[in-house]
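**Q** Structure file entry-v8.txt (compact mmCIF, C-alpha atoms and all ligand atoms) right here:
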```txt
# COMPACT_ATOMS: atom_id res chain seq x y z
CA MET E 19 0.00 0.00 0.00
CA ARG E 20 1.80 3.08 -1.27
CA LEU E 21 1.07 6.24 0.76
CA GLY E 22 2.50 9.61 1.72
CA LEU E 23 2.95 10.80 5.30
CA TYR E 24 2.25 14.35 6.49
CA ILE E 25 3.48 15.28 10.00
CA HIS E 26 2.34 18.55 11.54
CA ILE E 27 4.66 20.40 13.93
CA PRO E 28 2.46 23.14 15.42
CA PHE E 29 5.06 25.20 17.30
CA CYS E 30 6.16 28.71 16.25
CA SER E 31 8.41 31.18 18.02
CA PHE E 32 6.10 34.03 16.93
CA LEU E 33 2.70 34.24 15.20
CA CYS E 34 2.34 35.95 11.81
CA HIS E 35 -0.82 38.02 11.46
CA TYR E 36 -1.97 36.46 8.20
CA CYS E 37 -1.54 32.83 9.22
CA ASP E 38 -4.44 30.40 9.61
CA PHE E 39 -2.43 27.21 10.14
CA ALA E 40 -2.70 25.14 13.33
CA LYS E 41 0.04 26.60 15.51
CA THR E 42 0.93 27.89 18.96
CA ALA E 43 3.69 30.08 20.35
CA ASN E 44 2.78 28.98 23.88
CA PHE E 45 4.98 25.94 24.53
CA ASP E 46 7.87 24.69 26.61
CA ALA E 47 10.31 21.78 26.47
CA ILE E 48 7.95 19.41 28.32
CA LEU E 49 5.07 20.06 25.93
CA VAL E 50 7.37 19.53 22.96
CA GLN E 51 8.63 16.25 24.42
CA ASP E 52 5.05 15.06 25.03
CA TYR E 53 4.08 16.08 21.53
CA PHE E 54 6.88 14.16 19.83
CA ALA E 55 6.06 11.11 21.96
CA ALA E 56 2.38 11.40 20.98
CA ILE E 57 3.00 11.66 17.23
CA LEU E 58 5.33 8.69 17.38
CA LYS E 59 2.58 6.64 19.07
CA GLN E 60 0.04 7.93 16.59
CA TRP E 61 2.23 6.81 13.67
CA HIS E 62 2.59 3.30 15.13
CA THR E 63 -1.14 3.05 15.88
CA ILE E 64 -2.27 4.12 12.41
CA VAL E 65 0.29 2.15 10.41
CA ASP E 66 -0.25 -1.02 12.51
CA HIS E 67 -4.00 -0.70 11.98
CA LEU E 68 -3.65 -0.21 8.20
CA GLU E 69 -1.32 -3.18 7.85
CA ARG E 70 -3.37 -5.47 10.07
CA THR E 71 -6.69 -4.69 8.39
CA SER E 72 -5.36 -4.74 4.82
CA GLY E 73 -2.84 -7.56 5.11
CA ARG E 74 -0.51 -5.32 3.08
CA ARG E 75 2.63 -3.52 4.05
CA VAL E 76 2.64 0.28 4.01
CA SER E 77 5.35 1.87 1.89
CA LEU E 78 5.95 5.61 1.95
CA SER E 79 6.77 7.53 -1.21
CA SER E 80 7.15 10.80 0.70
CA VAL E 81 7.25 12.28 4.18
CA TYR E 82 6.46 15.97 4.72
CA PHE E 83 7.07 17.91 7.94
CA GLY E 84 4.79 20.97 7.82
CA GLY E 85 3.87 23.53 10.40
CA GLY E 86 4.01 25.57 12.40
CA THR E 87 7.78 25.72 12.27
CA PRO E 88 9.35 22.24 11.99
CA SER E 89 12.81 23.81 11.71
CA LEU E 90 12.70 24.78 15.41
CA PHE E 91 13.77 21.17 16.06
CA THR E 92 16.60 18.88 15.03
CA THR E 93 17.45 15.74 17.03
CA GLU E 94 13.84 15.63 18.31
CA TYR E 95 13.01 13.93 14.98
CA THR E 96 15.39 11.01 15.53
CA ASN E 97 12.94 8.49 17.03
CA LEU E 98 10.15 9.35 14.63
CA LEU E 99 12.30 9.09 11.53
CA ARG E 100 13.87 5.87 12.77
CA ALA E 101 10.35 4.49 13.20
CA VAL E 102 9.40 5.24 9.59
CA TYR E 103 12.73 4.25 7.96
CA ASP E 104 11.80 0.65 7.21
CA ARG E 105 8.57 1.77 5.46
CA LEU E 106 10.35 4.26 3.18
CA ASP E 107 10.68 3.66 -0.55
CA PRO E 108 14.39 3.68 -1.51
CA ASP E 109 13.92 7.02 -3.29
CA ALA E 110 11.44 8.52 -0.80
CA GLU E 111 11.28 12.30 -0.64
CA ILE E 112 11.55 13.71 2.91
CA SER E 113 10.69 17.42 3.08
CA MET E 114 10.85 19.87 5.93
CA GLU E 115 9.45 23.40 6.12
CA CYS E 116 12.01 25.88 7.45
CA ASN E 117 12.04 29.38 8.83
CA PRO E 118 15.11 31.23 7.46
CA LYS E 119 16.16 32.16 11.01
CA ASN E 120 16.59 28.50 12.01
CA ILE E 121 18.98 27.64 9.20
CA ASN E 122 22.58 27.08 10.23
CA GLN E 123 25.18 24.50 9.28
CA SER E 124 24.78 22.37 12.36
CA ALA E 125 20.97 22.13 11.99
CA LEU E 126 21.36 21.33 8.29
CA ASN E 127 23.82 18.56 9.10
CA VAL E 128 21.42 16.98 11.59
CA TRP E 129 18.45 17.13 9.19
CA LYS E 130 20.51 15.70 6.35
CA GLY E 131 21.91 12.97 8.61
CA LEU E 132 18.34 11.98 9.51
CA GLY E 133 17.44 11.61 5.84
CA VAL E 134 15.77 14.94 5.07
CA ASN E 135 16.41 15.52 1.38
CA ARG E 136 14.20 18.53 0.58
CA LEU E 137 13.73 21.85 2.37
CA SER E 138 10.93 24.35 1.89
CA ILE E 139 11.98 27.79 3.10
CA GLY E 140 9.37 30.38 4.11
CA VAL E 141 10.96 33.51 2.64
CA GLN E 142 7.56 35.12 1.81
CA THR E 143 9.11 38.31 0.38
CA LEU E 144 12.52 39.94 0.13
CA GLN E 145 11.05 43.44 0.53
CA LYS E 146 11.67 45.17 3.88
CA LYS E 147 8.24 46.77 3.72
CA GLY E 148 6.60 43.42 2.91
CA LEU E 149 8.34 41.55 5.74
CA GLU E 150 7.11 44.22 8.17
CA VAL E 151 3.55 44.13 6.81
CA LEU E 152 3.50 40.32 6.97
CA THR E 153 4.89 40.52 10.55
CA ARG E 154 7.71 38.11 9.74
CA ASP E 155 10.65 37.90 12.15
CA HIS E 156 13.47 37.62 9.58
CA ASP E 157 15.05 40.07 7.17
CA ALA E 158 15.90 39.63 3.50
CA SER E 159 19.63 39.08 4.01
CA THR E 160 18.97 36.32 6.59
CA ALA E 161 16.62 34.65 4.10
CA LEU E 162 19.12 34.79 1.23
CA ARG E 163 22.01 33.61 3.40
CA GLY E 164 19.89 30.74 4.76
CA LEU E 165 18.84 29.77 1.27
CA GLU E 166 22.40 29.64 0.00
CA LEU E 167 23.61 27.62 2.97
CA ALA E 168 20.67 25.22 2.62
CA MET E 169 21.32 24.63 -1.09
CA HIS E 170 24.98 23.79 -0.38
CA THR E 171 23.93 21.01 1.99
CA ILE E 172 20.59 19.79 0.58
CA ALA E 173 20.27 20.68 -3.11
CA ASN E 174 16.50 20.23 -3.37
CA VAL E 175 15.17 23.49 -1.91
CA ASN E 176 11.89 25.36 -2.33
CA MET E 177 11.35 29.08 -1.78
CA ASP E 178 7.88 30.18 -0.61
CA LEU E 179 6.81 33.68 -1.65
CA ILE E 180 3.55 35.54 -1.03
CA TYR E 181 2.08 38.08 -3.40
CA GLY E 182 -0.79 40.51 -2.93
CA TRP E 183 0.28 41.70 0.52
CA PRO E 184 -1.09 45.10 1.54
CA GLY E 185 1.05 47.84 0.01
CA GLN E 186 2.85 45.60 -2.50
CA ASN E 187 1.35 47.48 -5.37
CA GLN E 188 -0.70 50.14 -3.63
CA ASN E 189 -0.60 53.52 -2.07
CA GLY E 190 -3.21 54.10 0.67
CA GLY E 191 -5.45 51.34 -0.67
CA GLN E 192 -5.36 52.56 -4.28
CA ALA E 193 -3.47 50.77 -7.03
CA ASP E 194 -0.44 52.90 -7.86
CA ALA E 195 0.91 52.57 -11.39
CA HIS E 196 4.07 54.45 -10.36
CA ALA E 197 4.86 52.22 -7.37
CA PRO E 198 8.10 50.26 -7.87
CA ASP E 199 7.33 46.70 -9.00
CA LEU E 200 8.17 44.90 -5.78
CA TRP E 201 6.77 41.59 -7.06
CA ALA E 202 9.05 41.63 -10.12
CA SER E 203 11.96 42.33 -7.77
CA ASP E 204 11.06 39.31 -5.57
CA LEU E 205 10.77 37.06 -8.62
CA GLN E 206 14.08 38.25 -10.06
CA GLN E 207 15.86 37.58 -6.76
CA LEU E 208 14.28 34.12 -6.62
CA ILE E 209 15.62 33.37 -10.11
CA ASN E 210 19.06 34.82 -9.30
CA SER E 211 19.30 32.70 -6.14
CA GLY E 212 19.36 29.50 -8.22
CA VAL E 213 16.69 27.85 -6.06
CA PRO E 214 15.19 24.91 -8.00
CA HIS E 215 11.57 25.10 -6.76
CA ALA E 216 9.18 27.97 -6.08
CA SER E 217 5.80 28.06 -4.34
CA LEU E 218 4.04 31.38 -4.91
CA TYR E 219 0.81 32.02 -3.00
CA SER E 220 -1.57 34.93 -3.17
CA LEU E 221 -2.29 36.29 0.31
CA THR E 222 -5.67 35.24 1.68
CA TYR E 223 -7.52 37.06 4.44
CA GLU E 224 -8.89 34.27 6.62
CA ASP E 225 -11.66 35.17 9.06
CA ARG E 226 -9.96 34.05 12.25
CA THR E 227 -6.67 35.89 11.60
CA PRO E 228 -5.74 39.50 12.54
CA PHE E 229 -5.47 40.24 8.79
CA GLY E 230 -9.03 38.98 8.24
CA ARG E 231 -10.32 41.22 11.02
CA MET E 232 -8.38 44.26 9.75
CA ALA E 233 -9.69 43.75 6.22
CA ARG E 234 -13.26 43.54 7.53
CA ARG E 235 -12.79 46.85 9.37
CA GLY E 236 -11.28 48.52 6.30
CA LYS E 237 -7.87 48.93 7.92
CA ILE E 238 -6.03 47.06 5.19
CA TYR E 239 -6.95 46.67 1.56
CA PRO E 240 -6.77 43.32 -0.23
CA GLU E 241 -5.49 43.51 -3.80
CA THR E 242 -8.08 43.36 -6.57
CA ASP E 243 -8.56 40.11 -8.49
CA GLU E 244 -7.20 41.90 -11.54
CA ALA E 245 -3.99 42.88 -9.73
CA LEU E 246 -3.56 39.31 -8.43
CA ALA E 247 -4.06 37.90 -11.93
CA GLY E 248 -1.38 40.35 -13.11
CA HIS E 249 1.06 39.08 -10.45
CA TYR E 250 0.31 35.49 -11.49
CA GLY E 251 0.89 36.35 -15.15
CA LEU E 252 4.23 38.00 -14.36
CA ALA E 253 5.34 34.93 -12.37
CA ARG E 254 4.42 32.63 -15.26
CA GLU E 255 6.35 34.78 -17.68
CA MET E 256 9.50 35.32 -15.58
CA LEU E 257 9.80 31.78 -14.21
CA GLY E 258 8.94 30.24 -17.58
CA ASN E 259 11.69 32.29 -19.25
CA ALA E 260 14.10 31.22 -16.52
CA GLY E 261 13.55 27.51 -17.29
CA PHE E 262 11.05 26.53 -14.60
CA GLU E 263 8.27 24.07 -15.38
CA HIS E 264 4.86 25.12 -14.14
CA ASP E 265 3.53 22.13 -12.16
CA GLU E 266 0.49 23.65 -10.52
CA VAL E 267 -1.11 27.06 -10.15
CA SER E 268 1.18 27.91 -7.19
CA ASN E 269 4.19 25.69 -7.89
CA TRP E 270 7.10 25.84 -10.31
CA ALA E 271 10.10 23.50 -10.51
CA ARG E 272 13.32 23.29 -12.47
CA PRO E 273 13.50 19.93 -14.30
CA GLY E 274 14.05 17.10 -11.82
CA PHE E 275 12.93 19.13 -8.78
CA THR E 276 9.17 18.66 -8.73
CA CYS E 277 7.71 18.02 -5.27
CA ARG E 278 6.46 14.44 -5.21
CA HIS E 279 4.51 14.92 -1.98
CA ASN E 280 2.45 17.73 -3.55
CA TRP E 281 1.44 15.44 -6.41
CA LEU E 282 -0.28 13.12 -3.89
CA TYR E 283 -2.71 15.93 -3.09
CA TRP E 284 -3.25 16.99 -6.69
CA ASP E 285 -3.62 13.43 -8.08
CA PHE E 286 -6.14 12.23 -5.44
CA LYS E 287 -3.75 9.77 -3.84
CA ASN E 288 -3.84 8.60 -0.24
CA PHE E 289 -1.73 9.92 2.61
CA ILE E 290 -1.57 9.50 6.37
CA GLY E 291 -1.73 12.72 8.41
CA ILE E 292 -0.42 12.75 11.96
CA GLY E 293 -0.18 15.53 14.54
CA ALA E 294 -2.41 18.39 15.73
CA GLY E 295 -4.36 19.99 12.90
CA SER E 296 -3.12 17.48 10.32
CA HIS E 297 -5.38 16.14 7.59
CA GLY E 298 -5.29 12.65 6.14
CA PHE E 299 -6.85 10.78 3.24
CA LEU E 300 -6.95 7.00 3.69
CA PRO E 301 -8.41 4.21 1.60
CA VAL E 302 -11.80 2.82 2.67
CA SER E 303 -11.17 -0.63 1.32
CA PHE E 304 -7.91 -2.29 0.44
CA THR E 305 -9.07 -4.13 -2.63
CA SER E 306 -8.50 -1.26 -5.09
CA PRO E 307 -5.16 -1.24 -6.87
CA ASP E 308 -2.84 1.70 -6.18
CA ARG E 309 -3.04 4.42 -8.82
CA ASP E 310 0.67 4.95 -9.13
CA HIS E 311 0.84 7.63 -11.77
CA GLY E 312 -2.70 8.86 -11.83
CA GLU E 313 -3.73 6.25 -14.39
CA LEU E 314 -6.53 3.89 -13.54
CA ASP E 315 -6.57 0.19 -14.36
CA ALA E 316 -9.53 -0.78 -16.53
CA GLY E 317 -12.18 -2.39 -14.37
CA ALA E 318 -10.79 -1.05 -11.10
CA GLU E 319 -13.25 0.26 -8.54
CA ILE E 320 -12.79 3.82 -7.32
CA ASP E 321 -12.12 4.12 -3.61
CA GLN E 322 -13.45 7.53 -2.54
CA GLY E 323 -11.40 7.30 0.63
CA ILE E 324 -11.83 8.68 4.14
CA ARG E 325 -10.80 12.27 4.81
CA TYR E 326 -10.11 13.29 8.39
CA ALA E 327 -8.58 16.06 10.50
CA PHE E 328 -7.06 15.93 13.98
CA PRO E 329 -7.76 18.66 16.58
CA ARG E 330 -5.88 21.89 15.91
CA ASP E 331 -5.27 22.60 19.58
CA VAL E 332 -2.14 20.85 20.86
CA ARG E 333 -3.49 20.11 24.32
CA SER E 334 -6.75 18.64 22.95
CA PHE E 335 -4.66 16.59 20.55
CA LEU E 336 -2.55 15.22 23.41
CA ARG E 337 -5.63 14.18 25.38
CA HIS E 338 -6.38 11.66 22.62
CA SER E 339 -2.99 10.00 22.59
CA PRO E 340 -3.59 6.29 21.72
CA GLN E 341 -3.60 3.88 24.64
CA SER E 342 -4.11 0.41 23.22
CA VAL E 343 -4.29 -1.68 20.07
CA HIS E 344 -7.43 -0.80 18.15
CA GLN E 345 -9.61 -3.56 16.71
CA GLY E 346 -12.33 -1.58 14.89
CA SER E 347 -12.62 0.16 11.53
CA THR E 348 -10.35 2.94 10.27
CA THR E 349 -13.12 5.47 10.88
CA ALA E 350 -13.55 4.29 14.48
CA LEU E 351 -9.79 4.45 15.03
CA ILE E 352 -9.54 8.03 13.75
CA ARG E 353 -12.42 9.07 16.01
CA GLU E 354 -10.79 7.39 18.98
CA LEU E 355 -7.65 9.41 18.24
CA GLY E 356 -9.75 12.59 18.44
CA GLY E 357 -10.02 13.04 14.68
CA GLU E 358 -13.06 14.29 12.83
CA ILE E 359 -14.20 12.39 9.77
CA ASP E 360 -15.38 14.38 6.77
CA GLU E 361 -18.86 12.85 6.77
CA GLY E 362 -21.22 12.67 3.86
CA ARG E 363 -18.61 12.41 1.12
CA ASP E 364 -20.07 10.75 -1.93
CA SER E 365 -19.12 10.33 -5.55
CA ASP E 366 -20.06 13.97 -6.28
CA SER E 367 -17.79 15.34 -3.58
CA ALA E 368 -14.97 13.01 -4.66
CA LEU E 369 -15.36 14.32 -8.20
CA ILE E 370 -15.34 17.95 -7.04
CA GLU E 371 -12.18 17.35 -4.98
CA TYR E 372 -10.42 15.61 -7.85
CA VAL E 373 -11.39 18.01 -10.65
CA GLY E 374 -10.70 21.13 -8.52
CA GLY E 375 -7.17 19.92 -7.82
CA ALA E 376 -6.23 18.28 -11.12
CA LEU E 377 -7.55 21.05 -13.35
CA ARG E 378 -4.85 23.44 -12.22
CA THR E 379 -1.93 21.09 -12.73
CA ARG E 380 0.19 20.13 -15.69
CA HIS E 381 -1.10 16.51 -15.43
CA GLY E 382 -4.62 17.76 -16.19
CA ILE E 383 -7.83 15.83 -15.54
CA ASP E 384 -8.00 12.07 -16.07
CA LEU E 385 -11.45 11.85 -17.68
CA SER E 386 -11.54 8.05 -17.46
CA PHE E 387 -11.12 8.40 -13.68
CA CYS E 388 -14.04 10.88 -13.59
CA GLU E 389 -16.15 8.54 -15.72
CA LYS E 390 -15.44 5.76 -13.24
CA ILE E 391 -16.52 7.95 -10.32
CA THR E 392 -19.71 9.21 -11.95
CA GLY E 393 -20.64 6.27 -14.13
CA GLN E 394 -21.30 8.89 -16.84
CA ALA E 395 -19.49 9.56 -20.11
CA PHE E 396 -17.76 12.94 -20.59
CA SER E 397 -19.92 15.16 -22.76
CA PRO E 398 -18.26 18.59 -22.91
CA ARG E 399 -20.39 21.67 -22.28
CA PRO E 400 -20.35 24.42 -24.93
CA LEU E 401 -17.78 26.55 -23.04
CA ILE E 402 -15.36 23.62 -22.97
CA VAL E 403 -15.93 22.91 -26.66
CA GLU E 404 -15.13 26.59 -27.29
CA ALA E 405 -12.01 26.37 -25.07
CA LEU E 406 -10.84 23.34 -27.08
CA LYS E 407 -11.36 25.29 -30.31
CA ARG E 408 -9.44 28.27 -28.95
CA GLN E 409 -6.70 25.88 -27.78
CA ILE E 410 -6.79 27.15 -24.21
CA ALA E 411 -7.75 23.54 -23.41
CA TRP E 412 -6.75 20.32 -25.17
CA ARG E 413 -7.20 16.54 -25.01
CA ASP E 414 -4.28 14.16 -24.63
CA GLY E 415 -5.56 10.57 -24.57
CA PRO E 416 -7.92 10.28 -21.59
CA ARG E 417 -6.74 13.61 -20.17
CA LEU E 418 -8.17 17.10 -20.45
CA HIS E 419 -5.66 19.91 -19.96
CA PHE E 420 -6.20 23.63 -19.49
CA ALA E 421 -3.52 26.19 -20.34
CA PRO E 422 -1.70 27.51 -17.24
CA ALA E 423 -3.20 30.98 -17.72
CA GLU E 424 -6.60 29.35 -17.06
CA TRP E 425 -5.54 27.61 -13.83
CA PHE E 426 -6.04 30.90 -12.01
CA ARG E 427 -9.74 30.72 -12.99
CA GLU E 428 -10.11 27.16 -11.70
CA ASN E 429 -13.54 27.77 -10.09
CA SER E 430 -15.36 28.66 -13.27
CA TRP E 431 -13.72 25.87 -15.31
CA ALA E 432 -14.32 23.29 -12.56
CA SER E 433 -18.07 23.82 -12.67
CA GLU E 434 -18.06 23.48 -16.47
CA VAL E 435 -16.14 20.19 -16.23
CA LEU E 436 -18.39 18.84 -13.46
CA LEU E 437 -21.50 19.63 -15.48
CA SER E 438 -20.02 17.76 -18.43
CA PHE E 439 -20.68 14.38 -16.75
S1 LIG Z 501 3.23 31.61 8.84
FE1 LIG Z 501 4.53 29.97 9.60
S2 LIG Z 501 5.83 30.95 11.14
FE2 LIG Z 501 4.12 32.36 10.78
S3 LIG Z 501 2.61 31.78 12.36
FE3 LIG Z 501 2.11 30.63 10.51
S4 LIG Z 501 3.08 28.66 10.76
FE4 LIG Z 501 4.05 30.09 12.23
```
In structure tokens, what does this structure look like?
**A**
Amino acid sequence: MRLGLYIHIPFCSFLCHYCDFAKTANFDAILVQDYFAAILKQWHTIVDHLERTSGRRVSLSSVYFGGGTPSLFTTEYTNLLRAVYDRLDPDAEISMECNPKNINQSALNVWKGLGVNRLSIGVQTLQKKGLEVLTRDHDASTALRGLELAMHTIANVNMDLIYGWPGQNQNGGQADAHAPDLWASDLQQLINSGVPHASLYSLTYEDRTPFGRMARRGKIYPETDEALAGHYGLAREMLGNAGFEHDEVSNWARPGFTCRHNWLYWDFKNFIGIGAGSHGFLPVSFTSPDRDHGELDAGAEIDQGIRYAFPRDVRSFLRHSPQSVHQGSTTALIRELGGEIDEGRDSDSALIEYVGGALRTRHGIDLSFCEKITGQAFSPRPLIVEALKRQIAWRDGPRLHFAPAEWFRENSWASEVLLSF
């Protein structure tokens, strides 16, 4: 049974005002120790259950440490990584998210020694004004130095950038055509750095964050959709010219540096999530063959899977630390561990999840997979027929692709695709 593993590390030394991830800055060494012990137990409990109930061995194609700030820790990962070693594929990707401030040679040596072979560095912007607005605790020179050091030790490195932050392209809430192009400057520095992977996200104003509240009160001004589309277009142009392949609406990679863990999410493949606030997507039954490269064997049944999330609050998460061997179903096990099951998923929701993710990737949509889920043949709606004529969409065997410029308008295309079944 080939799966990915996501491990959430919810600790941060400070809290950024735009962030909606599960995290806390209120922790001490004892809590951290308890947390690492709990996620180790959780790993054993889930993997033992999956292997016992399926009669198949779990093998991991990727492990991803996300946060929070996983880079606050080094040797704390030893027991956990030792526990997963014998389930790792020989070429497994092991990624860790890093804050630039935590990068130093000794930490890099420990991570590399433990098997980490990909780093994702949260640079966010290289503009002084942007780092202040985003309430980050590092400066641009720390980020660039950290990046360089990281690439010398672990070549496979991603740089995260955010666009659309308040003031990036504005003056007092109004778009300013004469403002210096700070986004172009960030992109150029990314290219100059030689980093082989880039994740570029447009800032979102989530309700429960300080940014969300400030936007509601009119204290900060989100960028217009038009301005965001312009930033996306500039990124496509500059990174494309610099030799990056565009994998997904927010992700670009130089050849050979795509992120394999990300493809699990985009290709509707299963992964275990462990830790506070983590999400997982497990098979319901174990009779379906693995869909290794997104292709489906003729005659195979679709497994819509079980989606779940563990409590975001660290202390609630710890209260559900597993005590004994579980004999029930996967759903019952997840509930016992304090997780919430995404109830009521059916073939429609599975289709929505799959199409929404696949549409905005370079793999495109596997129509034969959709036909299996719905039991209906693909019969393209007029707008899709028109898109095919205009060559902003195309067919390639069983796959339907949209041009990258269209990925930014995923919502409108997704509904057209869904209505075509
Ligand atoms: S953005 Fe990263 S460092 Fe900032 S609060 Fe969120 S998880 Fe922590």
**Q** With all atoms listed in the file as the counted atoms, please give the residues lying no more than 8 Å from E:Ser268, apart from itself and same-chain residues fewer than 6 positions off, as a list in words.
**A** Ser217, Leu218 and Tyr219 of chain E
**Q** Write the residues of the preceding selection, restricted to C-alpha atoms, as an mmCIF file, in the coordinates of the input.
**A**
```
data_model
loop_
_atom_site.group_PDB
_atom_site.id
_atom_site.type_symbol
_atom_site.label_atom_id
_atom_site.label_comp_id
_atom_site.auth_asym_id
_atom_site.auth_seq_id
_atom_site.Cartn_x
_atom_site.Cartn_y
_atom_site.Cartn_z
ATOM 1 C CA SER E 217 5.800 28.060 -4.340
ATOM 2 C CA LEU E 218 4.040 31.380 -4.910
ATOM 3 C CA TYR E 219 0.810 32.020 -3.000
#
```
**Q** Rounded to one decimal, what separation in Å do you get between atom CA of E:Ala125 and atom CA of E:Ala216?
**A**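 Value for the atom CA of E:Ala125-atom CA of E:Ala216 distance: 22.4 Å.
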**Q** Any residue with an atom at most 8 Å from ligand LIG 501 (chain Z) counts, using all atoms listed in the file. Which are they? Put them as a list in words.
**A** Pro28, Phe29, Cys30, Ser31, Phe32, Leu33, Cys34, His35, Tyr36, Cys37, Asp38, Phe39, Ala40, Lys41, Thr42, Gly85, Gly86, Thr87, Asn117, Gly140 and Arg154 of chain E
**Q** Give me, please, the distance in Å between atom CA of E:Val151 and atom CA of E:Arg330, quoted to one decimal.
**A**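 Straight-line distance from atom CA of E:Val151 to atom CA of E:Arg330 works out to 25.8 Å.
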**Q** Please measure the separation of atom CA of E:Trp270 and atom CA of E:Tyr326, giving the value in Å to one decimal.
**A**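 The value is 28.3 Å.
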**Q** Which residue out of E:Gly293, E:Gly375, E:Pro398, E:Gly357 has the minimum interatomic distance to E:Tyr53 when all atoms listed in the file are used?
**A**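 For E:Tyr53, the nearest of the given residues is E:Gly293.
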**Q** Fewer than 4 positions away in the same chain doesn't count, so skip those; otherwise give me all residues within 12 Å of E:Tyr103, counting all atoms listed in the file, as a list in words.
**A** Val76, Ser77, Leu78, Ser79, Ser80, Val81, Tyr95, Thr96, Asn97, Leu98, Leu99, Asp107, Pro108, Asp109, Ala110, Glu111, Ile112, Leu132, Gly133 and Val134 of chain E
**Q** Create the file for the chosen residues now, containing C-alpha atoms and written as a CSV table (one decimal), keeping the file's coordinate frame.
**A**
```
chain,number,residue,atom,x,y,z
E,76,VAL,CA,2.6,0.3,4.0
E,77,SER,CA,5.4,1.9,1.9
E,78,LEU,CA,6.0,5.6,2.0
E,79,SER,CA,6.8,7.5,-1.2
E,80,SER,CA,7.2,10.8,0.7
E,81,VAL,CA,7.2,12.3,4.2
E,95,TYR,CA,13.0,13.9,15.0
E,96,THR,CA,15.4,11.0,15.5
E,97,ASN,CA,12.9,8.5,17.0
E,98,LEU,CA,10.2,9.4,14.6
E,99,LEU,CA,12.3,9.1,11.5
E,107,ASP,CA,10.7,3.7,-0.6
E,108,PRO,CA,14.4,3.7,-1.5
E,109,ASP,CA,13.9,7.0,-3.3
E,110,ALA,CA,11.4,8.5,-0.8
E,111,GLU,CA,11.3,12.3,-0.6
E,112,ILE,CA,11.6,13.7,2.9
E,132,LEU,CA,18.3,12.0,9.5
E,133,GLY,CA,17.4,11.6,5.8
E,134,VAL,CA,15.8,14.9,5.1
```
**Q** Using only C-alpha atoms, which protein or nucleic acid residues come within 8 Å of stretch 235-240 of chain E? Drop anything in the same chain fewer than 4 positions from it, and give the result as a PyMOL selection string.
**A** chain E and resi 182-184+191+223+229+231
**Q** Which residues are near stretch 381-383 of chain E? Cut-off 12 Å, all atoms listed in the file, ignore same chain within fewer than 2 positions. Put them as a PyMOL selection string.
**A** chain E and resi 264-267+281+284-286+311-313+369-379+385-389+396+411-422+424-425+428+431-432+435-436
**Q** Based on the selection just made, write C-alpha atoms of those residues as a short mmCIF file (atom, residue, chain, number, x, y, z; two decimals), keeping the file's coordinate frame.
**A**
```
data_model
loop_
_atom_site.label_atom_id
_atom_site.label_comp_id
_atom_site.auth_asym_id
_atom_site.auth_seq_id
_atom_site.Cartn_x
_atom_site.Cartn_y
_atom_site.Cartn_z
CA HIS E 264 4.86 25.12 -14.14
CA ASP E 265 3.53 22.13 -12.16
CA GLU E 266 0.49 23.65 -10.52
CA VAL E 267 -1.11 27.06 -10.15
CA TRP E 281 1.44 15.44 -6.41
CA TRP E 284 -3.25 16.99 -6.69
CA ASP E 285 -3.62 13.43 -8.08
CA PHE E 286 -6.14 12.23 -5.44
CA HIS E 311 0.84 7.63 -11.77
CA GLY E 312 -2.70 8.86 -11.83
CA GLU E 313 -3.73 6.25 -14.39
CA LEU E 369 -15.36 14.32 -8.20
CA ILE E 370 -15.34 17.95 -7.04
CA GLU E 371 -12.18 17.35 -4.98
CA TYR E 372 -10.42 15.61 -7.85
CA VAL E 373 -11.39 18.01 -10.65
CA GLY E 374 -10.70 21.13 -8.52
CA GLY E 375 -7.17 19.92 -7.82
CA ALA E 376 -6.23 18.28 -11.12
CA LEU E 377 -7.55 21.05 -13.35
CA ARG E 378 -4.85 23.44 -12.22
CA THR E 379 -1.93 21.09 -12.73
CA LEU E 385 -11.45 11.85 -17.68
CA SER E 386 -11.54 8.05 -17.46
CA PHE E 387 -11.12 8.40 -13.68
CA CYS E 388 -14.04 10.88 -13.59
CA GLU E 389 -16.15 8.54 -15.72
CA PHE E 396 -17.76 12.94 -20.59
CA ALA E 411 -7.75 23.54 -23.41
CA TRP E 412 -6.75 20.32 -25.17
CA ARG E 413 -7.20 16.54 -25.01
CA ASP E 414 -4.28 14.16 -24.63
CA GLY E 415 -5.56 10.57 -24.57
CA PRO E 416 -7.92 10.28 -21.59
CA ARG E 417 -6.74 13.61 -20.17
CA LEU E 418 -8.17 17.10 -20.45
CA HIS E 419 -5.66 19.91 -19.96
CA PHE E 420 -6.20 23.63 -19.49
CA ALA E 421 -3.52 26.19 -20.34
CA PRO E 422 -1.70 27.51 -17.24
CA GLU E 424 -6.60 29.35 -17.06
CA TRP E 425 -5.54 27.61 -13.83
CA GLU E 428 -10.11 27.16 -11.70
CA TRP E 431 -13.72 25.87 -15.31
CA ALA E 432 -14.32 23.29 -12.56
CA VAL E 435 -16.14 20.19 -16.23
CA LEU E 436 -18.39 18.84 -13.46
#
```
**Q** Rank E:Asp331, E:Ile180, E:Arg399, E:Ala260 by their smallest atom-to-atom distance to E:Leu152, using only C-alpha atoms, and report the top residue only.
**A**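 Using only C-alpha atoms, E:Leu152 sits closest to E:Ile180.
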**Q** Under the rule that all atoms listed in the file are counted, which of E:Ile57, E:Val128, E:Leu68, E:Leu49 is the nearest residue to E:Pro301?
**A**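 Residue with the minimum atom-to-atom distance to E:Pro301: E:Leu68.
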